[in-house]
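Asks: I'm passing along protein-v6.cif; it holds mmCIF, C-alpha atoms.
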```cif
data_protein
loop_
_atom_site.label_atom_id
_atom_site.label_comp_id
_atom_site.auth_asym_id
_atom_site.auth_seq_id
_atom_site.Cartn_x
_atom_site.Cartn_y
_atom_site.Cartn_z
CA MET A 1 0.00 0.00 0.00
CA LYS A 2 2.88 2.30 0.88
CA SER A 3 4.51 1.68 -2.50
CA ALA A 4 1.20 2.35 -4.29
CA MET A 5 0.90 5.74 -2.51
CA SER A 6 4.46 6.70 -3.37
CA LYS A 7 3.82 5.73 -7.02
CA ARG A 8 0.67 7.90 -7.09
CA LYS A 9 2.60 10.79 -5.51
CA LEU A 10 5.38 10.41 -8.09
CA LYS A 11 2.80 10.31 -10.88
CA ASP A 12 1.17 13.54 -9.60
CA THR A 13 4.58 15.27 -9.41
CA CYS A 14 5.49 14.16 -12.96
CA GLY A 15 2.05 15.22 -14.20
CA ALA A 16 2.45 18.73 -12.76
CA SER A 17 5.93 18.94 -14.17
CA ALA A 18 4.78 17.79 -17.62
CA GLU A 19 1.99 20.36 -17.56
CA CYS A 20 4.49 23.02 -16.52
CA ILE A 21 6.90 22.14 -19.35
CA SER A 22 3.98 22.14 -21.79
CA GLN A 23 3.07 25.69 -20.61
CA VAL A 24 6.68 26.84 -21.06
CA GLN A 25 6.81 25.42 -24.60
CA LYS A 26 3.45 27.03 -25.48
CA ILE A 27 4.37 30.50 -24.15
CA LEU A 28 7.82 30.59 -25.76
CA ARG A 29 6.78 29.10 -29.10
CA GLU A 30 3.93 31.60 -29.42
CA ARG A 31 6.41 34.37 -28.65
CA PHE A 32 8.87 33.18 -31.32
CA CYS A 33 6.33 32.23 -34.00
CA HIS A 34 3.87 35.12 -33.84
CA ARG A 35 6.54 37.75 -34.35
CA PRO A 36 4.36 40.38 -36.05
CA SER A 37 1.91 40.34 -33.11
CA ALA A 38 1.74 43.44 -30.98
CA THR A 39 2.20 41.49 -27.74
CA GLY A 40 6.02 41.37 -27.78
CA LYS A 41 8.44 44.17 -26.94
CA LEU A 42 10.09 46.68 -29.25
CA PHE A 43 13.88 46.62 -29.34
CA GLY A 44 15.87 49.67 -30.40
CA ILE A 45 13.04 51.36 -32.34
CA GLU A 46 11.43 53.48 -29.60
CA PHE A 47 12.12 56.76 -31.44
CA GLN A 48 10.46 55.47 -34.64
CA TYR A 49 7.54 54.22 -32.52
CA ARG A 50 6.92 57.69 -31.03
CA HIS A 51 7.23 59.33 -34.47
CA LEU A 52 4.67 56.99 -36.10
CA LEU A 53 2.27 57.13 -33.13
CA GLU A 54 2.30 60.95 -33.20
CA LEU A 55 1.66 60.90 -36.96
CA LEU A 56 -1.38 58.61 -36.69
CA LYS A 57 -2.73 60.47 -33.64
CA ARG A 58 -2.81 63.68 -35.68
CA THR A 59 -4.89 61.86 -38.32
CA THR A 60 -7.37 60.30 -35.90
CA LEU A 61 -7.76 63.23 -33.48
CA HIS A 62 -7.34 66.28 -35.71
CA GLY A 63 -8.33 64.92 -39.14
CA GLU A 64 -4.90 65.59 -40.68
CA SER A 65 -4.03 63.67 -43.84
CA ASN A 66 -0.52 62.22 -43.96
CA SER A 67 1.70 59.77 -45.81
CA ALA A 68 4.87 57.98 -44.75
CA LEU A 69 7.11 55.08 -45.73
CA ILE A 70 8.64 52.64 -43.23
CA VAL A 71 11.89 51.46 -44.83
CA GLY A 72 14.17 48.70 -43.55
CA PRO A 73 15.59 45.27 -44.39
CA ARG A 74 13.49 42.14 -43.93
CA GLY A 75 13.23 41.16 -40.28
CA SER A 76 14.03 44.66 -38.98
CA GLY A 77 10.60 45.02 -37.30
CA LYS A 78 8.54 47.14 -39.74
CA THR A 79 5.31 45.16 -39.27
CA THR A 80 5.92 44.78 -35.52
CA LEU A 81 6.38 48.56 -35.17
CA LEU A 82 3.16 49.30 -37.06
CA ASN A 83 1.16 46.68 -35.11
CA HIS A 84 2.38 48.12 -31.79
CA VAL A 85 1.38 51.63 -32.82
CA LEU A 86 -2.07 50.49 -34.03
CA LYS A 87 -2.65 48.46 -30.83
CA ASP A 88 -1.82 51.46 -28.60
CA LEU A 89 -3.88 53.74 -30.82
CA ARG A 90 -6.99 51.52 -30.57
CA GLU A 91 -6.71 51.55 -26.77
CA MET A 92 -7.04 55.35 -26.63
CA LYS A 93 -10.55 56.52 -25.70
CA GLN A 94 -10.68 59.37 -28.24
CA VAL A 95 -9.61 57.06 -31.09
CA ARG A 96 -11.72 53.98 -30.39
CA GLY A 97 -14.15 53.44 -33.27
CA ASN A 98 -12.91 56.58 -35.01
CA LEU A 99 -10.41 54.99 -37.42
CA LEU A 100 -11.06 52.78 -40.43
CA GLU A 101 -8.17 50.54 -41.49
CA VAL A 102 -7.46 49.07 -44.91
CA HIS A 103 -4.58 46.59 -45.18
CA LEU A 104 -3.27 45.81 -48.66
CA ASN A 105 -0.34 43.61 -49.67
CA GLY A 106 1.57 43.92 -52.95
CA LEU A 107 1.95 40.13 -53.13
CA LEU A 108 -1.84 39.62 -52.96
CA GLN A 109 -3.27 42.70 -54.67
CA THR A 110 -1.37 42.36 -57.94
CA SER A 111 -3.35 44.98 -59.86
CA ASP A 112 -5.25 48.18 -59.09
CA LYS A 113 -8.56 46.47 -59.92
CA VAL A 114 -7.95 43.71 -57.36
CA ALA A 115 -6.76 46.30 -54.82
CA LEU A 116 -9.93 48.36 -55.28
CA LYS A 117 -12.11 45.28 -54.73
CA GLU A 118 -10.21 44.56 -51.51
CA ILE A 119 -10.61 48.18 -50.33
CA THR A 120 -14.38 47.90 -50.95
CA ARG A 121 -14.52 44.62 -49.02
CA GLN A 122 -12.53 45.87 -46.03
CA LEU A 123 -14.57 49.07 -45.78
CA GLN A 124 -17.75 46.92 -46.03
CA LEU A 125 -19.07 48.97 -48.94
CA GLU A 126 -19.97 46.15 -51.36
CA ASN A 127 -23.68 46.84 -50.89
CA VAL A 128 -23.12 50.58 -51.54
CA VAL A 129 -21.25 50.05 -54.80
CA GLY A 130 -23.63 47.28 -55.91
CA ASP A 131 -24.08 47.23 -59.69
CA LYS A 132 -23.23 50.89 -60.23
CA VAL A 133 -21.04 51.50 -63.26
CA PHE A 134 -18.17 53.99 -62.96
CA GLY A 135 -16.08 55.44 -65.74
CA SER A 136 -12.63 55.27 -64.22
CA PHE A 137 -10.68 53.86 -61.32
CA ALA A 138 -10.44 57.36 -59.78
CA GLU A 139 -14.23 57.84 -59.86
CA THR A 140 -14.81 54.50 -58.11
CA LEU A 141 -12.23 55.32 -55.44
CA ALA A 142 -13.63 58.83 -54.94
CA PHE A 143 -17.15 57.38 -54.59
CA LEU A 144 -15.96 54.88 -52.00
CA LEU A 145 -14.35 57.62 -49.92
CA GLU A 146 -17.40 59.85 -50.35
CA ALA A 147 -19.53 57.00 -48.99
CA LEU A 148 -17.53 57.12 -45.75
CA ARG A 149 -18.53 60.68 -44.94
CA LYS A 150 -20.67 61.18 -41.84
CA GLY A 151 -22.44 64.48 -42.38
CA ASP A 152 -20.28 67.41 -43.38
CA ARG A 153 -16.67 67.43 -44.54
CA THR A 154 -15.21 68.20 -41.14
CA SER A 155 -16.72 65.11 -39.50
CA SER A 156 -15.51 62.46 -41.96
CA CYS A 157 -14.12 59.28 -40.43
CA PRO A 158 -10.32 59.03 -40.92
CA VAL A 159 -9.07 56.13 -43.08
CA LEU A 160 -5.68 54.47 -42.69
CA PHE A 161 -4.27 52.64 -45.72
CA VAL A 162 -1.42 50.23 -44.95
CA LEU A 163 0.42 49.09 -48.09
CA ASP A 164 2.72 46.16 -47.33
CA GLU A 165 5.36 45.34 -49.98
CA PHE A 166 4.87 48.92 -51.18
CA ASP A 167 7.48 48.54 -53.95
CA LEU A 168 5.21 46.03 -55.75
CA PHE A 169 2.38 48.61 -55.99
CA VAL A 170 4.84 50.85 -57.84
CA HIS A 171 4.84 48.37 -60.73
CA HIS A 172 1.07 48.63 -61.27
CA LYS A 173 0.06 50.28 -64.54
CA ASN A 174 0.52 54.08 -64.38
CA GLN A 175 0.70 53.83 -60.56
CA THR A 176 -2.98 54.83 -60.57
CA LEU A 177 -3.80 53.55 -57.09
CA LEU A 178 -0.82 55.33 -55.50
CA TYR A 179 -1.55 58.53 -57.43
CA ASN A 180 -5.18 58.66 -56.25
CA LEU A 181 -4.40 57.76 -52.64
CA PHE A 182 -1.64 60.37 -52.37
CA ASP A 183 -3.82 62.90 -54.19
CA ILE A 184 -6.64 62.47 -51.64
CA SER A 185 -4.12 62.74 -48.78
CA GLN A 186 -3.00 66.13 -50.19
CA SER A 187 -6.51 67.55 -50.62
CA ALA A 188 -8.96 68.83 -48.00
CA GLN A 189 -11.23 65.80 -48.33
CA THR A 190 -11.65 62.70 -46.15
CA PRO A 191 -8.71 62.49 -43.70
CA VAL A 192 -6.50 59.75 -45.16
CA THR A 193 -3.11 58.45 -44.03
CA ILE A 194 -1.07 56.13 -46.25
CA ILE A 195 1.65 54.04 -44.60
CA GLY A 196 3.87 52.04 -46.95
CA LEU A 197 6.21 49.25 -45.80
CA THR A 198 9.17 48.38 -48.02
CA CYS A 199 12.69 46.99 -47.86
CA ARG A 200 13.91 48.97 -50.91
CA GLN A 201 16.10 51.98 -50.14
CA ASP A 202 15.61 53.42 -53.65
CA ILE A 203 11.81 53.38 -53.43
CA LEU A 204 11.40 57.12 -54.18
CA GLU A 205 13.32 56.72 -57.44
CA LEU A 206 10.66 54.24 -58.60
CA LEU A 207 7.75 56.66 -58.13
CA GLU A 208 6.44 58.62 -61.11
CA LYS A 209 6.90 62.38 -60.98
CA ARG A 210 3.17 63.09 -60.41
CA VAL A 211 3.04 60.51 -57.58
CA LYS A 212 6.28 61.73 -56.00
CA SER A 213 5.04 65.32 -55.96
CA ARG A 214 1.99 64.28 -53.91
CA PHE A 215 3.96 62.17 -51.42
CA SER A 216 5.02 63.88 -48.16
CA HIS A 217 8.59 62.40 -48.43
CA ARG A 218 8.35 61.35 -44.80
CA GLN A 219 10.44 58.19 -44.34
CA ILE A 220 10.99 56.18 -41.16
CA TYR A 221 14.11 54.01 -41.28
CA LEU A 222 14.63 50.81 -39.29
CA MET A 223 18.17 49.46 -39.40
CA ASN A 224 18.64 47.01 -36.46
CA SER A 225 21.05 49.46 -34.85
CA PHE A 226 21.43 47.66 -31.49
CA ASP A 227 24.85 46.46 -30.27
CA PHE A 228 25.81 43.02 -28.91
CA LYS A 229 25.01 43.97 -25.29
CA GLN A 230 21.44 44.82 -26.30
CA TYR A 231 21.33 41.63 -28.41
CA VAL A 232 22.10 39.54 -25.28
CA LYS A 233 19.40 41.51 -23.42
CA ILE A 234 16.90 40.60 -26.18
CA PHE A 235 18.00 36.96 -25.81
CA LYS A 236 17.27 37.11 -22.05
CA GLU A 237 13.92 38.88 -22.40
CA GLN A 238 12.69 36.53 -25.13
CA LEU A 239 13.50 33.40 -23.09
CA SER A 240 12.28 34.69 -19.71
CA LEU A 241 8.92 33.50 -18.39
CA PRO A 242 6.30 36.15 -17.45
CA ALA A 243 5.54 37.04 -13.80
CA GLU A 244 2.00 35.60 -14.12
CA PHE A 245 3.31 32.08 -14.95
CA PRO A 246 1.22 29.55 -12.90
CA ASP A 247 4.16 27.72 -11.29
CA GLU A 248 6.09 30.58 -9.63
CA PRO A 249 8.98 28.53 -8.15
CA PHE A 250 9.67 26.92 -11.54
CA ALA A 251 9.44 30.29 -13.32
CA GLN A 252 11.97 31.74 -10.86
CA LYS A 253 14.28 28.76 -11.39
CA TRP A 254 13.91 29.04 -15.20
CA ASN A 255 14.60 32.80 -15.25
CA ASP A 256 17.67 32.41 -12.99
CA ASN A 257 18.96 29.72 -15.36
CA ILE A 258 18.46 32.05 -18.37
CA GLN A 259 20.39 34.77 -16.50
CA HIS A 260 23.30 32.33 -15.93
CA LEU A 261 23.15 31.21 -19.57
CA SER A 262 23.39 34.79 -20.83
CA GLU A 263 26.68 35.15 -18.90
CA ASP A 264 28.05 31.76 -20.06
CA LYS A 265 31.09 31.99 -22.38
CA ILE A 266 29.85 29.20 -24.73
CA VAL A 267 26.40 30.81 -25.09
CA GLN A 268 27.95 34.23 -25.72
CA ASP A 269 30.13 32.70 -28.48
CA VAL A 270 27.03 31.15 -30.11
CA LEU A 271 25.18 34.48 -29.96
CA GLN A 272 28.24 36.40 -31.18
CA ASN A 273 28.52 34.14 -34.25
CA LEU A 274 24.85 34.72 -35.11
CA PHE A 275 25.08 38.47 -34.35
CA HIS A 276 28.03 38.92 -36.73
CA HIS A 277 26.29 36.84 -39.39
CA THR A 278 22.93 38.64 -39.20
CA LYS A 279 21.23 41.04 -36.77
CA ASP A 280 17.85 39.84 -38.05
CA LEU A 281 15.80 38.93 -34.96
CA ARG A 282 13.99 36.20 -36.93
CA SER A 283 17.25 34.24 -37.02
CA LEU A 284 17.63 34.62 -33.25
CA TYR A 285 14.02 33.47 -32.70
CA PHE A 286 14.59 30.46 -34.95
CA LEU A 287 17.72 29.54 -32.97
CA LEU A 288 15.83 29.85 -29.66
CA MET A 289 12.92 27.81 -31.06
CA LEU A 290 15.33 24.95 -31.86
CA ALA A 291 16.87 25.17 -28.38
CA VAL A 292 13.48 25.25 -26.57
CA SER A 293 12.42 22.11 -28.51
CA ALA A 294 15.02 20.18 -26.47
CA VAL A 295 13.24 20.98 -23.16
CA THR A 296 11.40 17.94 -21.74
CA VAL A 297 10.19 16.66 -18.36
CA HIS A 298 13.51 14.87 -17.85
CA HIS A 299 15.49 17.87 -19.14
CA PRO A 300 13.48 20.84 -17.79
CA LEU A 301 16.08 23.62 -18.05
CA LEU A 302 18.00 24.92 -21.06
CA THR A 303 21.75 24.29 -21.14
CA ALA A 304 24.63 25.77 -23.13
CA ALA A 305 24.89 22.41 -24.98
CA ASP A 306 21.26 22.83 -26.18
CA LEU A 307 22.10 26.21 -27.67
CA GLN A 308 25.27 24.83 -29.26
CA GLU A 309 23.30 22.00 -30.88
CA ALA A 310 20.61 24.49 -32.02
CA SER A 311 23.35 26.67 -33.53
CA ARG A 312 24.77 23.66 -35.38
CA GLN A 313 21.32 22.80 -36.78
CA HIS A 314 20.63 26.46 -37.60
CA GLY A 315 23.89 26.76 -39.53
CA THR A 316 23.54 23.45 -41.37
CA ASP A 317 24.40 23.77 -45.04
CA SER A 318 21.47 22.42 -47.09
CA LYS A 319 23.70 21.63 -50.08
CA ALA A 320 26.18 19.72 -47.92
CA ASN A 321 23.17 17.78 -46.57
CA ILE A 322 22.25 16.75 -50.12
CA VAL A 323 25.79 15.39 -50.59
CA HIS A 324 25.26 13.02 -47.63
CA GLY A 325 22.58 11.19 -49.63
CA LEU A 326 24.58 10.70 -52.84
CA SER A 327 26.04 7.43 -54.12
CA VAL A 328 29.82 6.83 -54.07
CA LEU A 329 29.90 7.27 -57.88
CA GLU A 330 28.21 10.69 -57.61
CA ILE A 331 30.64 11.67 -54.82
CA CYS A 332 33.54 10.65 -57.13
CA LEU A 333 32.16 12.87 -59.92
CA ILE A 334 31.92 15.85 -57.52
CA ILE A 335 35.55 15.26 -56.44
CA ALA A 336 36.59 15.09 -60.13
CA MET A 337 34.86 18.47 -60.69
CA LYS A 338 36.58 19.86 -57.59
CA HIS A 339 39.99 18.88 -59.03
CA LEU A 340 39.09 20.38 -62.42
CA ASN A 341 38.13 23.63 -60.66
CA ASP A 342 41.48 23.65 -58.85
CA VAL A 343 43.50 22.88 -62.01
CA TYR A 344 41.69 25.31 -64.33
CA ASP A 345 41.08 27.99 -61.67
CA GLY A 346 37.26 27.82 -61.66
CA GLU A 347 36.82 27.64 -65.44
CA PRO A 348 33.67 25.78 -66.61
CA PHE A 349 33.96 22.08 -67.51
CA ASN A 350 31.92 19.49 -69.44
CA PHE A 351 30.94 15.89 -68.76
CA GLN A 352 33.74 14.48 -70.92
CA MET A 353 36.39 16.28 -68.86
CA VAL A 354 34.82 15.00 -65.61
CA TYR A 355 34.65 11.46 -67.03
CA ASN A 356 38.33 11.54 -68.07
CA GLU A 357 39.34 12.74 -64.58
CA PHE A 358 37.26 9.95 -63.03
CA GLN A 359 38.90 7.37 -65.35
CA LYS A 360 42.37 8.48 -64.23
CA PHE A 361 41.36 7.81 -60.62
CA ILE A 362 39.87 4.39 -61.52
CA GLN A 363 43.07 3.37 -63.31
CA ARG A 364 45.15 4.26 -60.25
CA LYS A 365 42.77 2.47 -57.85
CA ALA A 366 41.56 -0.41 -60.04
CA HIS A 367 41.97 -2.86 -57.14
CA SER A 368 39.46 -1.06 -54.89
CA MET A 369 37.01 0.79 -57.19
CA TYR A 370 34.51 -0.63 -59.64
CA ASN A 371 34.79 0.77 -63.18
CA PHE A 372 31.32 1.92 -64.21
CA GLU A 373 30.15 2.04 -67.84
CA LYS A 374 30.03 5.51 -69.41
CA PRO A 375 26.16 5.62 -69.71
CA VAL A 376 25.92 4.82 -65.96
CA VAL A 377 28.35 7.66 -65.16
CA MET A 378 26.31 9.96 -67.45
CA LYS A 379 23.13 9.05 -65.54
CA ALA A 380 24.84 9.90 -62.23
CA PHE A 381 26.02 13.23 -63.71
CA GLU A 382 22.43 14.04 -64.82
CA HIS A 383 21.22 13.29 -61.28
CA LEU A 384 23.65 15.91 -59.93
CA LEU A 385 22.22 18.31 -62.50
CA GLN A 386 18.66 17.62 -61.27
CA LEU A 387 19.75 18.22 -57.66
CA GLU A 388 21.17 21.61 -58.81
CA LEU A 389 24.64 20.79 -57.50
CA VAL A 390 25.83 21.41 -61.08
CA LYS A 391 24.50 24.18 -63.30
CA PRO A 392 24.75 24.52 -67.13
CA LEU A 393 26.19 27.86 -68.26
CA GLU A 394 23.58 28.28 -70.99
CA ARG A 395 20.30 26.70 -71.96
CA PRO A 396 21.03 23.43 -73.86
CA SER A 397 19.92 23.40 -77.49
CA ALA A 398 18.49 20.36 -79.28
CA ARG A 399 21.60 19.97 -81.44
CA ALA A 400 24.20 20.23 -78.68
CA GLN A 401 25.77 16.99 -77.44
CA ARG A 402 25.16 16.42 -73.73
CA GLU A 403 28.78 15.39 -73.09
CA TYR A 404 30.13 18.76 -74.21
CA LEU A 405 27.76 21.19 -72.50
CA LEU A 406 29.71 23.59 -70.27
CA MET A 407 28.86 23.29 -66.58
CA ARG A 408 29.76 24.90 -63.28
CA LEU A 409 29.91 23.24 -59.83
CA LEU A 410 27.74 24.98 -57.20
CA LEU A 411 29.69 23.59 -54.21
CA ASP A 412 32.92 25.04 -52.88
CA ASN A 413 35.88 22.97 -51.62
CA THR A 414 35.03 23.51 -47.93
CA GLN A 415 31.46 22.23 -48.41
CA ILE A 416 32.74 19.12 -50.23
CA MET A 417 35.40 18.29 -47.60
CA ASP A 418 32.99 18.90 -44.69
CA ALA A 419 30.35 16.67 -46.30
CA LEU A 420 32.92 13.89 -46.87
CA GLN A 421 33.90 13.92 -43.18
CA VAL A 422 30.38 12.87 -42.17
CA TYR A 423 29.55 10.78 -45.27
CA PRO A 424 28.64 7.27 -44.03
CA ASN A 425 31.01 4.44 -45.12
CA CYS A 426 32.98 6.59 -47.56
CA PRO A 427 35.86 4.53 -49.08
CA THR A 428 39.28 5.65 -47.79
CA ASP A 429 40.66 5.91 -51.33
CA VAL A 430 37.90 8.38 -52.26
CA LYS A 431 38.62 10.53 -49.17
CA GLN A 432 42.34 10.52 -49.97
CA TRP A 433 41.64 11.46 -53.58
CA ALA A 434 39.49 14.41 -52.43
CA ALA A 435 42.20 15.63 -50.03
CA SER A 436 45.11 15.02 -52.44
CA SER A 437 47.25 18.04 -53.28
CA LEU A 438 47.52 19.14 -56.91
CA SER A 439 50.95 20.71 -56.53
CA TRP A 440 52.49 17.84 -58.50
CA LEU A 441 50.57 18.76 -61.67
#
```
What would the structure in this file look like if it were written as structure tokens?
Replies:
Amino acid sequence: MKSAMSKRKLKDTCGASAECISQVQKILRERFCHRPSATGKLFGIEFQYRHLLELLKRTTLHGESNSALIVGPRGSGKTTLLNHVLKDLREMKQVRGNLLEVHLNGLLQTSDKVALKEITRQLQLENVVGDKVFGSFAETLAFLLEALRKGDRTSSCPVLFVLDEFDLFVHHKNQTLLYNLFDISQSAQTPVTIIGLTCRQDILELLEKRVKSRFSHRQIYLMNSFDFKQYVKIFKEQLSLPAEFPDEPFAQKWNDNIQHLSEDKIVQDVLQNLFHHTKDLRSLYFLLMLAVSAVTVHHPLLTAADLQEASRQHGTDSKANIVHGLSVLEICLIIAMKHLNDVYDGEPFNFQMVYNEFQKFIQRKAHSMYNFEKPVVMKAFEHLLQLELVKPLERPSARAQREYLLMRLLLDNTQIMDALQVYPNCPTDVKQWAASSLSWL
């Protein structure tokens, strides 16, 4: 009976622990995966946040029309910044219910006609437009905005247009949508603010003269300008559990462990490598996601080894991974191409040259390597072509002989040697051939 009670007690403890670990995984994964959500924190873009919030407040409270572009590389936090501003704006008493939002994306709304349909849908004006026939795009847009008026001109409801992938709208015919939106924002009509999000620095050069003249030229730049100390702080904040976590003792233990990890030399090296490679926070979140996946009931706290393993997985070379699944013959052909690259200083080669190089190796190692027929070697070469490890220099014509088409190898020497080190059951002769020096040639 005593043993049965202790078993039940152990089961209860494990159950609570399992539930706790499940909570940790859920909280952290949501934090890493739902990056554009407005629930996370802003890092290093507080000035831009205040600027954008002030801009949109003037539209919603005073009926000012504005336009602005948020410019920055992918992963710099453009969408996160905008979502934070909109969330805080909606929570203000004066603004609540006094702002209409239209979100367009250049990848989805590929023409002005599609964009106009989406504007109508988001403003819930399909029943207003109905079967009415309009002459031009501008007339339809003007009618839609007119339909939003509540009484006189001074009491119109402000409209916010958010154009994601703004540079793709620039390629629409005559830039009609942009022209009309910016034109309305410049006139004393419905208060309209246009916010464009783009990763192109030269975006203004792409605008037509008539569009550019109506744009306010207000640009907000995001450049991931934080240093390594702030990067480590982001690492800590993203992995820390919130104060309202159900199991307080575990949360305290977890957060103390994260604090120790952030000071650990191995962890700092891992973070430094990633920081110097890219400051993109998405890469950091992906690394942390891989590390958190290792947390289980039997391994409840993160360790430096988990982050090292996550870093190794994160930095895995996809092309080197493909090499692991090749046959020995295909590996031999890649090594032959490597030697040709070394001999001819990266000049393109053809199948015949690769085959001749392979034959030289076979003749030297006839006792240990099987001599394949030429059609079999050709088939292996074509497989490398399908895997895009080899690329033809030009599109093959119907008349050209396959053996003499010029090719280029898309793997460098380091990738080949690293892949060979972990290739299962690779013949010693093949490894020696790959590592052999060409100084004797």
Asks: Considering all atoms listed in the file, return as a PyMOL selection string whatever protein or nucleic-acid residues lie within 7 Å of A:Ala336, sequence-local ones (same chain, fewer than 6 positions apart) excluded.
Replies: chain A and resi 354+357-358
Asks: Run through the PyMOL selection byres ((chain A and resi 374-377) around 9) on the given coordinates and return the selected residues as a PyMOL selection string.
Replies: chain A and resi 329-330+333+355+372-373+378-382
Asks: Calculate how many Å separate atom CA of A:Gln268 from atom CA of A:Lys26, rounding to one decimal.
Replies: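 We find that atom CA of A:Gln268 and atom CA of A:Lys26 lie 25.5 Å from each other.
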Asks: Show me, as JSON lines, the residues of stretch 191-310 of chain A having an atom within 7 Å of stretch 75-96 of chain A, each with the closest atom pair and its distance in Å, using all atoms listed in the file.
Replies:
```
{"residue": "A:Leu197", "atom": "CA", "partner": "A:Lys78", "partner_atom": "CA", "distance": 6.8}
{"residue": "A:Leu222", "atom": "CA", "partner": "A:Ser76", "partner_atom": "CA", "distance": 6.2}
{"residue": "A:Met223", "atom": "CA", "partner": "A:Ser76", "partner_atom": "CA", "distance": 6.4}
{"residue": "A:Asn224", "atom": "CA", "partner": "A:Ser76", "partner_atom": "CA", "distance": 5.8}
{"residue": "A:Asp280", "atom": "CA", "partner": "A:Gly75", "partner_atom": "CA", "distance": 5.3}
{"residue": "A:Leu281", "atom": "CA", "partner": "A:Gly75", "partner_atom": "CA", "distance": 6.3}
{"residue": "A:Arg282", "atom": "CA", "partner": "A:Gly75", "partner_atom": "CA", "distance": 6.0}
```
Asks: Which residues match the PyMOL selection byres ((chain A and resi 170) around 12) in the file above, as a ChimeraX atom specification?
Replies: /A:106,109-112,163-169,171-179,196,198,200,202-208,211-212
